[in-house]
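Q: Sharing entry20.pdb, PDB, C-alpha atoms:
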```
ATOM      1  CA  MET A   1      41.605  -2.237 -14.339  1.00  0.00           C
ATOM      2  CA  GLU A   2      42.936   1.114 -13.301  1.00  0.00           C
ATOM      3  CA  MET A   3      41.185   2.560 -10.277  1.00  0.00           C
ATOM      4  CA  THR A   4      40.017   5.893 -11.572  1.00  0.00           C
ATOM      5  CA  ARG A   5      37.278   7.919  -9.994  1.00  0.00           C
ATOM      6  CA  ARG A   6      34.918   7.025 -12.827  1.00  0.00           C
ATOM      7  CA  ASN A   7      35.554   3.310 -12.381  1.00  0.00           C
ATOM      8  CA  ALA A   8      35.069   3.546  -8.662  1.00  0.00           C
ATOM      9  CA  ILE A   9      31.689   5.177  -9.088  1.00  0.00           C
ATOM     10  CA  ALA A  10      30.605   2.631 -11.668  1.00  0.00           C
ATOM     11  CA  MET A  11      31.650  -0.255  -9.462  1.00  0.00           C
ATOM     12  CA  GLY A  12      29.922   1.250  -6.474  1.00  0.00           C
ATOM     13  CA  ALA A  13      26.685   1.656  -8.406  1.00  0.00           C
ATOM     14  CA  GLY A  14      26.943  -1.922  -9.685  1.00  0.00           C
ATOM     15  CA  ALA A  15      27.486  -3.286  -6.204  1.00  0.00           C
ATOM     16  CA  LEU A  16      24.472  -1.373  -4.933  1.00  0.00           C
ATOM     17  CA  LEU A  17      22.297  -2.812  -7.690  1.00  0.00           C
ATOM     18  CA  VAL A  18      23.397  -6.352  -6.934  1.00  0.00           C
ATOM     19  CA  ALA A  19      23.145  -5.994  -3.170  1.00  0.00           C
ATOM     20  CA  GLY A  20      20.066  -3.801  -3.125  1.00  0.00           C
ATOM     21  CA  LEU A  21      17.658  -6.226  -4.754  1.00  0.00           C
ATOM     22  CA  PRO A  22      17.833  -9.146  -2.295  1.00  0.00           C
ATOM     23  CA  ILE A  23      17.573  -6.838   0.712  1.00  0.00           C
ATOM     24  CA  ARG A  24      14.132  -5.680  -0.338  1.00  0.00           C
ATOM     25  CA  VAL A  25      12.827  -9.242  -0.483  1.00  0.00           C
ATOM     26  CA  SER A  26      11.493  -9.869   2.976  1.00  0.00           C
ATOM     27  CA  ALA A  27      12.215 -13.029   4.904  1.00  0.00           C
ATOM     28  CA  ALA A  28       8.502 -13.834   4.865  1.00  0.00           C
ATOM     29  CA  ALA A  29       8.449 -13.828   1.076  1.00  0.00           C
ATOM     30  CA  GLU A  30      11.498 -16.102   0.962  1.00  0.00           C
ATOM     31  CA  ASP A  31       9.795 -18.533   3.320  1.00  0.00           C
ATOM     32  CA  LEU A  32       6.714 -18.560   1.109  1.00  0.00           C
ATOM     33  CA  ILE A  33       8.776 -19.239  -1.983  1.00  0.00           C
ATOM     34  CA  ALA A  34      10.643 -22.032  -0.200  1.00  0.00           C
ATOM     35  CA  ALA A  35       7.355 -23.550   0.974  1.00  0.00           C
ATOM     36  CA  PHE A  36       5.974 -23.454  -2.568  1.00  0.00           C
ATOM     37  CA  THR A  37       9.028 -24.813  -4.358  1.00  0.00           C
ATOM     38  CA  GLY A  38      10.239 -27.121  -1.610  1.00  0.00           C
ATOM     39  CA  GLY A  39      13.675 -25.589  -1.986  1.00  0.00           C
ATOM     40  CA  ALA A  40      13.943 -26.389  -5.695  1.00  0.00           C
ATOM     41  CA  GLU A  41      15.781 -24.044  -8.025  1.00  0.00           C
ATOM     42  CA  VAL A  42      13.580 -21.404  -9.645  1.00  0.00           C
ATOM     43  CA  GLY A  43      14.587 -20.627 -13.209  1.00  0.00           C
ATOM     44  CA  ALA A  44      13.382 -18.209 -15.817  1.00  0.00           C
ATOM     45  CA  GLY A  45      11.285 -19.263 -18.749  1.00  0.00           C
ATOM     46  CA  ASP A  46       7.765 -20.007 -19.783  1.00  0.00           C
ATOM     47  CA  ILE A  47       5.838 -17.573 -17.606  1.00  0.00           C
ATOM     48  CA  SER A  48       4.517 -14.109 -18.103  1.00  0.00           C
ATOM     49  CA  LEU A  49       3.261 -11.626 -15.575  1.00  0.00           C
ATOM     50  CA  THR A  50       1.429  -8.601 -16.867  1.00  0.00           C
ATOM     51  CA  ALA A  51       1.149  -5.696 -14.479  1.00  0.00           C
ATOM     52  CA  PRO A  52       0.985  -1.962 -15.037  1.00  0.00           C
ATOM     53  CA  GLU A  53       4.205   0.008 -14.756  1.00  0.00           C
ATOM     54  CA  ILE A  54       2.498   2.690 -12.734  1.00  0.00           C
ATOM     55  CA  ALA A  55      -0.588   2.122 -10.615  1.00  0.00           C
ATOM     56  CA  GLU A  56      -2.260   5.250  -9.378  1.00  0.00           C
ATOM     57  CA  ASN A  57      -4.262   3.425  -6.773  1.00  0.00           C
ATOM     58  CA  GLY A  58      -2.675   0.529  -4.922  1.00  0.00           C
ATOM     59  CA  ASN A  59      -6.090  -0.767  -3.918  1.00  0.00           C
ATOM     60  CA  THR A  60      -6.835  -2.298  -7.296  1.00  0.00           C
ATOM     61  CA  VAL A  61      -3.921  -3.169  -9.506  1.00  0.00           C
ATOM     62  CA  PRO A  62      -4.888  -5.408 -12.421  1.00  0.00           C
ATOM     63  CA  ILE A  63      -2.486  -8.269 -13.026  1.00  0.00           C
ATOM     64  CA  GLU A  64      -2.443 -11.246 -15.343  1.00  0.00           C
ATOM     65  CA  VAL A  65      -0.368 -14.400 -15.099  1.00  0.00           C
ATOM     66  CA  ALA A  66       0.103 -16.941 -17.844  1.00  0.00           C
ATOM     67  CA  SER A  67       2.301 -19.967 -18.297  1.00  0.00           C
ATOM     68  CA  GLU A  68       1.730 -22.661 -20.923  1.00  0.00           C
ATOM     69  CA  MET A  69       2.785 -25.639 -18.842  1.00  0.00           C
ATOM     70  CA  ALA A  70       1.939 -24.563 -15.322  1.00  0.00           C
ATOM     71  CA  SER A  71      -0.063 -26.639 -12.919  1.00  0.00           C
ATOM     72  CA  GLU A  72       0.069 -23.977 -10.219  1.00  0.00           C
ATOM     73  CA  ILE A  73       0.995 -20.315 -10.154  1.00  0.00           C
ATOM     74  CA  LEU A  74       1.868 -18.456  -6.964  1.00  0.00           C
ATOM     75  CA  VAL A  75       1.719 -14.659  -6.954  1.00  0.00           C
ATOM     76  CA  LEU A  76       3.641 -12.643  -4.383  1.00  0.00           C
ATOM     77  CA  ALA A  77       3.836  -8.929  -3.656  1.00  0.00           C
ATOM     78  CA  MET A  78       7.280  -8.565  -2.166  1.00  0.00           C
ATOM     79  CA  GLY A  79       6.675  -5.295  -0.357  1.00  0.00           C
ATOM     80  CA  ASN A  80       3.299  -6.022   1.227  1.00  0.00           C
ATOM     81  CA  PRO A  81       2.936  -6.663   4.969  1.00  0.00           C
ATOM     82  CA  THR A  82       1.863 -10.186   4.020  1.00  0.00           C
ATOM     83  CA  PRO A  83       3.522 -11.001   0.719  1.00  0.00           C
ATOM     84  CA  SER A  84       1.240 -13.754  -0.538  1.00  0.00           C
ATOM     85  CA  VAL A  85      -1.409 -12.619  -3.007  1.00  0.00           C
ATOM     86  CA  ALA A  86      -2.950 -15.691  -4.571  1.00  0.00           C
ATOM     87  CA  THR A  87      -2.330 -19.235  -5.723  1.00  0.00           C
ATOM     88  CA  PHE A  88      -3.960 -20.436  -8.915  1.00  0.00           C
ATOM     89  CA  LYS A  89      -4.330 -24.189  -9.370  1.00  0.00           C
ATOM     90  CA  PHE A  90      -5.411 -25.227 -12.832  1.00  0.00           C
ATOM     91  CA  GLY A  91      -7.708 -28.202 -13.262  1.00  0.00           C
ATOM     92  CA  LYS A  92      -8.314 -30.529 -16.195  1.00  0.00           C
ATOM     93  CA  LEU A  93     -10.716 -28.209 -17.961  1.00  0.00           C
ATOM     94  CA  ALA A  94      -8.627 -25.054 -17.788  1.00  0.00           C
ATOM     95  CA  ALA A  95      -8.247 -24.003 -21.427  1.00  0.00           C
ATOM     96  CA  SER A  96      -5.162 -21.948 -20.824  1.00  0.00           C
ATOM     97  CA  ARG A  97      -2.932 -21.643 -17.830  1.00  0.00           C
ATOM     98  CA  SER A  98      -3.719 -18.012 -17.367  1.00  0.00           C
ATOM     99  CA  ALA A  99      -5.811 -15.902 -15.053  1.00  0.00           C
ATOM    100  CA  SER A 100      -6.262 -12.284 -14.235  1.00  0.00           C
ATOM    101  CA  THR A 101      -7.361 -10.539 -11.093  1.00  0.00           C
ATOM    102  CA  ARG A 102      -6.943  -7.301  -9.180  1.00  0.00           C
ATOM    103  CA  ILE A 103      -4.604  -6.988  -6.247  1.00  0.00           C
ATOM    104  CA  ARG A 104      -3.613  -4.590  -3.476  1.00  0.00           C
ATOM    105  CA  LEU A 105      -0.128  -3.174  -3.258  1.00  0.00           C
ATOM    106  CA  ALA A 106       1.122  -1.306  -0.202  1.00  0.00           C
ATOM    107  CA  GLY A 107       3.613   0.729  -2.209  1.00  0.00           C
ATOM    108  CA  THR A 108       6.065   0.641  -5.080  1.00  0.00           C
ATOM    109  CA  GLN A 109       7.439  -2.873  -5.212  1.00  0.00           C
ATOM    110  CA  ASP A 110       8.103  -6.008  -7.206  1.00  0.00           C
ATOM    111  CA  VAL A 111       5.298  -8.416  -7.964  1.00  0.00           C
ATOM    112  CA  VAL A 112       6.553 -11.944  -8.500  1.00  0.00           C
ATOM    113  CA  ALA A 113       4.822 -14.909 -10.087  1.00  0.00           C
ATOM    114  CA  ILE A 114       6.232 -18.393  -9.665  1.00  0.00           C
ATOM    115  CA  ALA A 115       4.827 -21.263 -11.674  1.00  0.00           C
ATOM    116  CA  LYS A 116       5.114 -24.931 -10.914  1.00  0.00           C
ATOM    117  CA  LEU A 117       5.338 -26.628 -14.291  1.00  0.00           C
ATOM    118  CA  GLU A 118       3.931 -30.045 -15.097  1.00  0.00           C
ATOM    119  CA  ASP A 119       7.431 -31.539 -15.169  1.00  0.00           C
ATOM    120  CA  GLY A 120       8.010 -30.411 -11.571  1.00  0.00           C
ATOM    121  CA  THR A 121      10.337 -27.508 -12.284  1.00  0.00           C
ATOM    122  CA  PHE A 122       9.712 -23.930 -11.258  1.00  0.00           C
ATOM    123  CA  VAL A 123       9.943 -20.721 -13.226  1.00  0.00           C
ATOM    124  CA  GLN A 124       9.394 -17.158 -12.171  1.00  0.00           C
ATOM    125  CA  ALA A 125       8.727 -13.735 -13.589  1.00  0.00           C
ATOM    126  CA  SER A 126       8.638 -10.411 -11.848  1.00  0.00           C
ATOM    127  CA  SER A 127       7.468  -6.939 -12.590  1.00  0.00           C
ATOM    128  CA  THR A 128       8.018  -3.688 -10.760  1.00  0.00           C
ATOM    129  CA  VAL A 129       4.917  -1.622 -10.142  1.00  0.00           C
ATOM    130  CA  LYS A 130       5.127   2.006  -9.074  1.00  0.00           C
ATOM    131  CA  VAL A 131       2.283   2.797  -6.729  1.00  0.00           C
ATOM    132  CA  THR A 132       1.173   6.381  -6.158  1.00  0.00           C
ATOM    133  CA  ILE A 133      -1.298   5.718  -3.331  1.00  0.00           C
ATOM    134  CA  GLY A 134      -0.758   2.574  -1.265  1.00  0.00           C
ATOM    135  CA  GLY A 135      -3.527   0.074  -0.779  1.00  0.00           C
ATOM    136  CA  CYS A 136      -3.291  -0.954   2.850  1.00  0.00           C
ATOM    137  CA  GLY A 137      -5.399   1.767   4.388  1.00  0.00           C
ATOM    138  CA  GLY A 138      -2.467   3.260   6.278  1.00  0.00           C
TER     139      GLY A 138
ATOM    140  CA  MET B 139     -21.774 -13.587   7.216  1.00  0.00           C
ATOM    141  CA  ALA B 140     -20.495 -10.523   5.495  1.00  0.00           C
ATOM    142  CA  SER B 141     -23.331  -8.350   4.295  1.00  0.00           C
ATOM    143  CA  GLY B 142     -24.214  -7.602   0.704  1.00  0.00           C
ATOM    144  CA  VAL B 143     -22.297 -10.448  -0.845  1.00  0.00           C
ATOM    145  CA  LYS B 144     -23.458 -10.954  -4.396  1.00  0.00           C
ATOM    146  CA  PRO B 145     -21.687 -13.197  -6.872  1.00  0.00           C
ATOM    147  CA  ARG B 146     -21.753 -12.292 -10.539  1.00  0.00           C
ATOM    148  CA  VAL B 147     -20.526 -14.507 -13.331  1.00  0.00           C
ATOM    149  CA  LYS B 148     -20.268 -13.999 -17.053  1.00  0.00           C
ATOM    150  CA  VAL B 149     -20.315 -17.171 -19.153  1.00  0.00           C
ATOM    151  CA  PRO B 150     -21.326 -17.388 -22.819  1.00  0.00           C
ATOM    152  CA  LYS B 151     -24.712 -19.102 -23.311  1.00  0.00           C
ATOM    153  CA  THR B 152     -23.486 -21.388 -26.056  1.00  0.00           C
ATOM    154  CA  ALA B 153     -20.169 -22.708 -27.301  1.00  0.00           C
ATOM    155  CA  ALA B 154     -18.916 -25.278 -29.803  1.00  0.00           C
ATOM    156  CA  ALA B 155     -17.811 -28.569 -28.251  1.00  0.00           C
ATOM    157  CA  GLY B 156     -14.150 -28.399 -27.275  1.00  0.00           C
ATOM    158  CA  ASP B 157     -14.178 -24.628 -27.491  1.00  0.00           C
ATOM    159  CA  LYS B 158     -12.235 -22.297 -25.247  1.00  0.00           C
ATOM    160  CA  ILE B 159     -14.361 -19.793 -23.441  1.00  0.00           C
ATOM    161  CA  THR B 160     -13.462 -16.913 -21.177  1.00  0.00           C
ATOM    162  CA  ILE B 161     -15.193 -16.730 -17.834  1.00  0.00           C
ATOM    163  CA  LYS B 162     -15.326 -13.577 -15.765  1.00  0.00           C
ATOM    164  CA  THR B 163     -16.399 -13.654 -12.148  1.00  0.00           C
ATOM    165  CA  LEU B 164     -16.875 -10.976  -9.564  1.00  0.00           C
ATOM    166  CA  ILE B 165     -18.216 -11.161  -6.060  1.00  0.00           C
ATOM    167  CA  SER B 166     -19.038  -8.104  -4.026  1.00  0.00           C
ATOM    168  CA  HIS B 167     -17.177  -8.489  -0.773  1.00  0.00           C
ATOM    169  CA  LYS B 168     -15.268  -5.958   1.274  1.00  0.00           C
ATOM    170  CA  MET B 169     -12.192  -8.212   1.654  1.00  0.00           C
ATOM    171  CA  GLU B 170     -11.124  -6.677   4.961  1.00  0.00           C
ATOM    172  CA  SER B 171      -7.399  -7.295   4.992  1.00  0.00           C
ATOM    173  CA  GLY B 172      -6.769  -7.305   8.734  1.00  0.00           C
ATOM    174  CA  GLN B 173      -4.206  -4.523   8.255  1.00  0.00           C
ATOM    175  CA  ARG B 174      -6.501  -1.542   8.594  1.00  0.00           C
ATOM    176  CA  LYS B 175      -7.340   0.239  11.828  1.00  0.00           C
ATOM    177  CA  ASP B 176     -10.547   1.946  12.883  1.00  0.00           C
ATOM    178  CA  LYS B 177     -10.775   5.450  14.392  1.00  0.00           C
ATOM    179  CA  GLU B 178      -9.780   4.228  17.845  1.00  0.00           C
ATOM    180  CA  GLY B 179      -6.708   2.515  16.480  1.00  0.00           C
ATOM    181  CA  ASN B 180      -8.037  -1.007  16.866  1.00  0.00           C
ATOM    182  CA  ILE B 181      -7.239  -3.409  14.092  1.00  0.00           C
ATOM    183  CA  ILE B 182     -10.293  -4.316  12.048  1.00  0.00           C
ATOM    184  CA  PRO B 183     -10.318  -8.118  11.974  1.00  0.00           C
ATOM    185  CA  ARG B 184      -9.609  -9.881   8.708  1.00  0.00           C
ATOM    186  CA  SER B 185     -12.647 -10.995   6.756  1.00  0.00           C
ATOM    187  CA  ILE B 186     -12.008 -12.165   3.224  1.00  0.00           C
ATOM    188  CA  ILE B 187     -12.976 -14.735   0.650  1.00  0.00           C
ATOM    189  CA  ASN B 188     -10.129 -17.200   0.972  1.00  0.00           C
ATOM    190  CA  ARG B 189     -10.880 -19.665  -1.800  1.00  0.00           C
ATOM    191  CA  PHE B 190     -12.635 -19.770  -5.135  1.00  0.00           C
ATOM    192  CA  THR B 191     -13.299 -22.826  -7.236  1.00  0.00           C
ATOM    193  CA  CYS B 192     -14.881 -23.388 -10.616  1.00  0.00           C
ATOM    194  CA  ASP B 193     -16.049 -26.812 -11.782  1.00  0.00           C
ATOM    195  CA  PHE B 194     -17.730 -27.988 -14.947  1.00  0.00           C
ATOM    196  CA  ASN B 195     -19.844 -31.152 -14.670  1.00  0.00           C
ATOM    197  CA  GLY B 196     -17.771 -32.215 -11.668  1.00  0.00           C
ATOM    198  CA  GLU B 197     -14.386 -31.609 -13.329  1.00  0.00           C
ATOM    199  CA  ASN B 198     -12.215 -28.885 -11.872  1.00  0.00           C
ATOM    200  CA  VAL B 199     -11.379 -25.860 -13.981  1.00  0.00           C
ATOM    201  CA  ILE B 200      -9.557 -23.659 -11.511  1.00  0.00           C
ATOM    202  CA  ASP B 201      -8.969 -23.510  -7.788  1.00  0.00           C
ATOM    203  CA  VAL B 202      -7.696 -20.195  -6.474  1.00  0.00           C
ATOM    204  CA  THR B 203      -6.422 -19.438  -3.002  1.00  0.00           C
ATOM    205  CA  LEU B 204      -7.067 -15.789  -2.226  1.00  0.00           C
ATOM    206  CA  GLU B 205      -5.070 -13.819   0.302  1.00  0.00           C
ATOM    207  CA  PRO B 206      -5.751 -10.420   1.894  1.00  0.00           C
ATOM    208  CA  ALA B 207      -3.831  -8.764  -0.955  1.00  0.00           C
ATOM    209  CA  ILE B 208      -6.730  -9.403  -3.328  1.00  0.00           C
ATOM    210  CA  SER B 209      -8.750  -6.238  -3.907  1.00  0.00           C
ATOM    211  CA  THR B 210     -12.232  -5.493  -2.652  1.00  0.00           C
ATOM    212  CA  ASN B 211     -14.882  -7.219  -4.791  1.00  0.00           C
ATOM    213  CA  PRO B 212     -12.534  -9.960  -5.994  1.00  0.00           C
ATOM    214  CA  TYR B 213     -12.525 -10.264  -9.753  1.00  0.00           C
ATOM    215  CA  LEU B 214     -11.192 -13.306 -11.531  1.00  0.00           C
ATOM    216  CA  GLU B 215     -10.935 -14.017 -15.215  1.00  0.00           C
ATOM    217  CA  PHE B 216      -9.822 -17.329 -16.694  1.00  0.00           C
ATOM    218  CA  GLU B 217     -10.436 -19.678 -19.606  1.00  0.00           C
ATOM    219  CA  ALA B 218     -12.150 -23.040 -19.693  1.00  0.00           C
ATOM    220  CA  VAL B 219     -12.688 -25.820 -22.199  1.00  0.00           C
ATOM    221  CA  VAL B 220     -16.259 -26.893 -22.855  1.00  0.00           C
ATOM    222  CA  PRO B 221     -16.254 -30.562 -23.899  1.00  0.00           C
ATOM    223  CA  GLU B 222     -20.029 -30.961 -23.728  1.00  0.00           C
ATOM    224  CA  ALA B 223     -23.173 -29.167 -22.653  1.00  0.00           C
ATOM    225  CA  GLY B 224     -23.422 -28.795 -18.935  1.00  0.00           C
ATOM    226  CA  GLU B 225     -23.199 -26.557 -15.966  1.00  0.00           C
ATOM    227  CA  PHE B 226     -20.439 -24.461 -14.492  1.00  0.00           C
ATOM    228  CA  LYS B 227     -20.446 -24.318 -10.730  1.00  0.00           C
ATOM    229  CA  PHE B 228     -18.715 -21.447  -8.986  1.00  0.00           C
ATOM    230  CA  THR B 229     -18.030 -21.503  -5.269  1.00  0.00           C
ATOM    231  CA  TRP B 230     -16.571 -18.833  -3.021  1.00  0.00           C
ATOM    232  CA  TYR B 231     -15.474 -19.657   0.544  1.00  0.00           C
ATOM    233  CA  ASP B 232     -15.646 -16.906   3.139  1.00  0.00           C
ATOM    234  CA  ASP B 233     -13.377 -16.654   6.208  1.00  0.00           C
ATOM    235  CA  ASP B 234     -16.460 -16.853   8.425  1.00  0.00           C
ATOM    236  CA  GLY B 235     -17.434 -20.222   6.983  1.00  0.00           C
ATOM    237  CA  SER B 236     -20.107 -19.008   4.583  1.00  0.00           C
ATOM    238  CA  VAL B 237     -20.098 -20.493   1.120  1.00  0.00           C
ATOM    239  CA  TYR B 238     -21.508 -18.616  -1.841  1.00  0.00           C
ATOM    240  CA  ASP B 239     -22.618 -20.529  -4.928  1.00  0.00           C
ATOM    241  CA  GLU B 240     -23.465 -19.656  -8.464  1.00  0.00           C
ATOM    242  CA  ALA B 241     -24.220 -21.919 -11.403  1.00  0.00           C
ATOM    243  CA  LYS B 242     -24.374 -21.219 -15.128  1.00  0.00           C
ATOM    244  CA  LYS B 243     -25.586 -23.576 -17.840  1.00  0.00           C
ATOM    245  CA  ILE B 244     -23.937 -23.680 -21.206  1.00  0.00           C
ATOM    246  CA  ALA B 245     -25.336 -25.303 -24.335  1.00  0.00           C
ATOM    247  CA  ILE B 246     -23.505 -26.650 -27.364  1.00  0.00           C
ATOM    248  CA  GLY B 247     -24.448 -24.815 -30.488  1.00  0.00           C
TER     249      GLY B 247
END
```
Transcribe the structure of this file into structure tokens.
A:
Amino acid sequence: MEMTRRNAIAMGAGALLVAGLPIRVSAAAEDLIAAFTGGAEVGAGDISLTAPEIAENGNTVPIEVASEMASEILVLAMGNPTPSVATFKFGKLAASRSASTRIRLAGTQDVVAIAKLEDGTFVQASSTVKVTIGGCGG
Amino acid sequence: MASGVKPRVKVPKTAAAGDKITIKTLISHKMESGQRKDKEGNIIPRSIINRFTCDFNGENVIDVTLEPAISTNPYLEFEAVVPEAGEFKFTWYDDDGSVYDEAKKIAIG
């Protein structure tokens, strides 16, 4: 490919996108994910995370997680001082593997849900929530 | 014990056997995250509900671990199967060791 100015800009923007995402994931969140999955690969698939695109108040952000085959779902807020939000364990009488609750978000960030499926594999979904007023009292 | 803690649960009074029902729970609790500071700049110690469980006739429906990122007055909504008439038992576990209970009967009809 010829190195024109336009190409250079496009490549630069692409590199930023690729490199920028992992940087924002804190080490604490990675540790939590590793502890939950035991180091297993996390794929995409049967899981949905419903969160608003824009939350005016970070103190109560409604979220919903659902996954047909999940035995456990871990919810993380990647940009919070402590990333873990909740872990849902579904028992025998859970009609659907879904739950909703309200969470606190410190600022605009990604919310991630990781489900442990009954066959032992892990899937994840994430959603970016823009927060106008943060919910950590700062 | 945190003051003014009051659990509230919404369960239908009757359901057909094997039916799916939606359960909504809310407990009034300040859920102090341990991140906030008071006027003097001292950190207000964490005081939250750290676990919630729901059982039906001794069988588990859901077991949730709550972290400080759960909002004040934690609200949870989930679905359960009702195989027979019986009683739902809801339990919230506070950081300070208190346990809050609520029970709701459901009939088949």
Q: Identify which of the residues B:Asn198, B:Gln173, B:Asn180, B:Asn188 lies closest to A:Ala106, counting only C-alpha atoms when measuring atom-to-atom distances.
A: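 Result for the nearest residue to A:Ala106: B:Gln173.
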Q: Atom CA of B:Lys158 to atom CA of B:Val220: how many Å, to one decimal?
A: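 Taking atom CA of B:Lys158 as the start and atom CA of B:Val220 as the end point, the length is 6.6 Å.
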Q: Between atom CA of B:Val219 and atom CA of A:Thr101, what distance in Å does the model show, to one decimal?
A: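 That distance, rounded to one decimal, is 19.6 Å.
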Q: With a distance cut-off of 10 Å and all atoms listed in the file, select the neighbouring residues of B:Ala153, excluding the residue or stretch itself and same-chain residues fewer than 3 positions from it, and output the selection as a list in words.
A: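 Selected residues are Val149, Pro150, Gly156, Asp157, Lys158, Ile159, Val219, Val220, Pro221, Glu222, Ala223, Ile244, Ala245, Ile246 and Gly247 of chain B.
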Q: Give me the residues near stretch 163-169 of chain B as a PyMOL selection string, where near means some atom within 9 Å (using all atoms listed in the file) and where sequence neighbours in that chain fewer than 5 positions away do not count.
A: chain B and resi 140-149+184-187+206-216+228+230
Q: At what distance in Å, to one decimal, does atom CA of A:Pro81 lie from atom CA of B:Gly179?
A: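 These two atoms are separated by 17.6 Å.
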Q: Pick from A:Gln109, A:Ile114, A:Glu53, A:Lys89: nearest to B:Cys192, with all atoms listed in the file counted?
A: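 Smallest distance to B:Cys192 is found for A:Lys89.
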Q: Could you please tell me, as a ChimeraX atom specification, which residues of chain A have an atom within 7 Å of chain B when using only C-alpha atoms?
A: /A:59-60,84-96,98-104,136-138
Q: How would the residues just picked look written out with C-alpha atoms as an mmCIF file, keeping the file's coordinate frame?
A:
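The resulting file, result_26.cif, is shown below:
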```cif
data_model
loop_
_atom_site.group_PDB
_atom_site.id
_atom_site.type_symbol
_atom_site.label_atom_id
_atom_site.label_comp_id
_atom_site.auth_asym_id
_atom_site.auth_seq_id
_atom_site.Cartn_x
_atom_site.Cartn_y
_atom_site.Cartn_z
ATOM 1 C CA ASN A 59 -6.090 -0.767 -3.918
ATOM 2 C CA THR A 60 -6.835 -2.298 -7.296
ATOM 3 C CA SER A 84 1.240 -13.754 -0.538
ATOM 4 C CA VAL A 85 -1.409 -12.619 -3.007
ATOM 5 C CA ALA A 86 -2.950 -15.691 -4.571
ATOM 6 C CA THR A 87 -2.330 -19.235 -5.723
ATOM 7 C CA PHE A 88 -3.960 -20.436 -8.915
ATOM 8 C CA LYS A 89 -4.330 -24.189 -9.370
ATOM 9 C CA PHE A 90 -5.411 -25.227 -12.832
ATOM 10 C CA GLY A 91 -7.708 -28.202 -13.262
ATOM 11 C CA LYS A 92 -8.314 -30.529 -16.195
ATOM 12 C CA LEU A 93 -10.716 -28.209 -17.961
ATOM 13 C CA ALA A 94 -8.627 -25.054 -17.788
ATOM 14 C CA ALA A 95 -8.247 -24.003 -21.427
ATOM 15 C CA SER A 96 -5.162 -21.948 -20.824
ATOM 16 C CA SER A 98 -3.719 -18.012 -17.367
ATOM 17 C CA ALA A 99 -5.811 -15.902 -15.053
ATOM 18 C CA SER A 100 -6.262 -12.284 -14.235
ATOM 19 C CA THR A 101 -7.361 -10.539 -11.093
ATOM 20 C CA ARG A 102 -6.943 -7.301 -9.180
ATOM 21 C CA ILE A 103 -4.604 -6.988 -6.247
ATOM 22 C CA ARG A 104 -3.613 -4.590 -3.476
ATOM 23 C CA CYS A 136 -3.291 -0.954 2.850
ATOM 24 C CA GLY A 137 -5.399 1.767 4.388
ATOM 25 C CA GLY A 138 -2.467 3.260 6.278
#
```
Q: Can you turn the PyMOL selection byres ((chain B and resi 242) around 6) into a concrete residue list for this file, as JSON, numbers by chain?
A: {"B": [225, 226, 241, 243]}
Q: Can you tell me, as a PyMOL selection string, which residues sit within 9 Å of (12.1, -22.1, -18.6) in the file's frame, using only C-alpha atoms?
A: chain A and resi 43-47+121-124
Q: May I have the residues within 6 Å of stretch 130-132 of chain A as a compact mmCIF listing (two decimals) with C-alpha atoms, in the coordinates of the input, using all atoms listed in the file and disregarding those fewer than 2 positions away in the same chain?
A:
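Output file around-v3.txt follows:
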```txt
# COMPACT_ATOMS: atom_id res chain seq x y z
CA ILE A 54 2.50 2.69 -12.73
CA ALA A 55 -0.59 2.12 -10.62
CA GLU A 56 -2.26 5.25 -9.38
CA GLY A 58 -2.68 0.53 -4.92
CA GLY A 107 3.61 0.73 -2.21
CA THR A 108 6.06 0.64 -5.08
```
Q: Is it possible to get the axis-aligned box enclosing stretch 185-196 of chain B (all listed atoms, 5 Å extra per side) as AutoDock Vina command-line options, with centre and edge lengths in Å rounded to one decimal?
A:
```
--center_x -15.0 --center_y -21.6 --center_z -4.1 --size_x 19.7 --size_y 31.2 --size_z 31.7
```
Q: My list of candidates is A:Val111, A:Ala125, A:Asp119, A:Ser26. Which is closest to A:Ile63 when distances are computed with only C-alpha atoms?
A: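 Of the candidates, the smallest distance to A:Ile63 is held by A:Val111.
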Q: Could you list, as an MDAnalysis selection string, every residue within 7 Å of A:Ser48, counting only C-alpha atoms and ignoring same-chain residues fewer than 3 positions away?
A: chainID A and resid 65:67 125
Q: Closest to B:Gly196 among B:Asp233, B:Lys151, B:Gly224, B:Glu240, using all atoms listed in the file?
A: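 Checking each candidate against B:Gly196, we get B:Gly224 as the closest.
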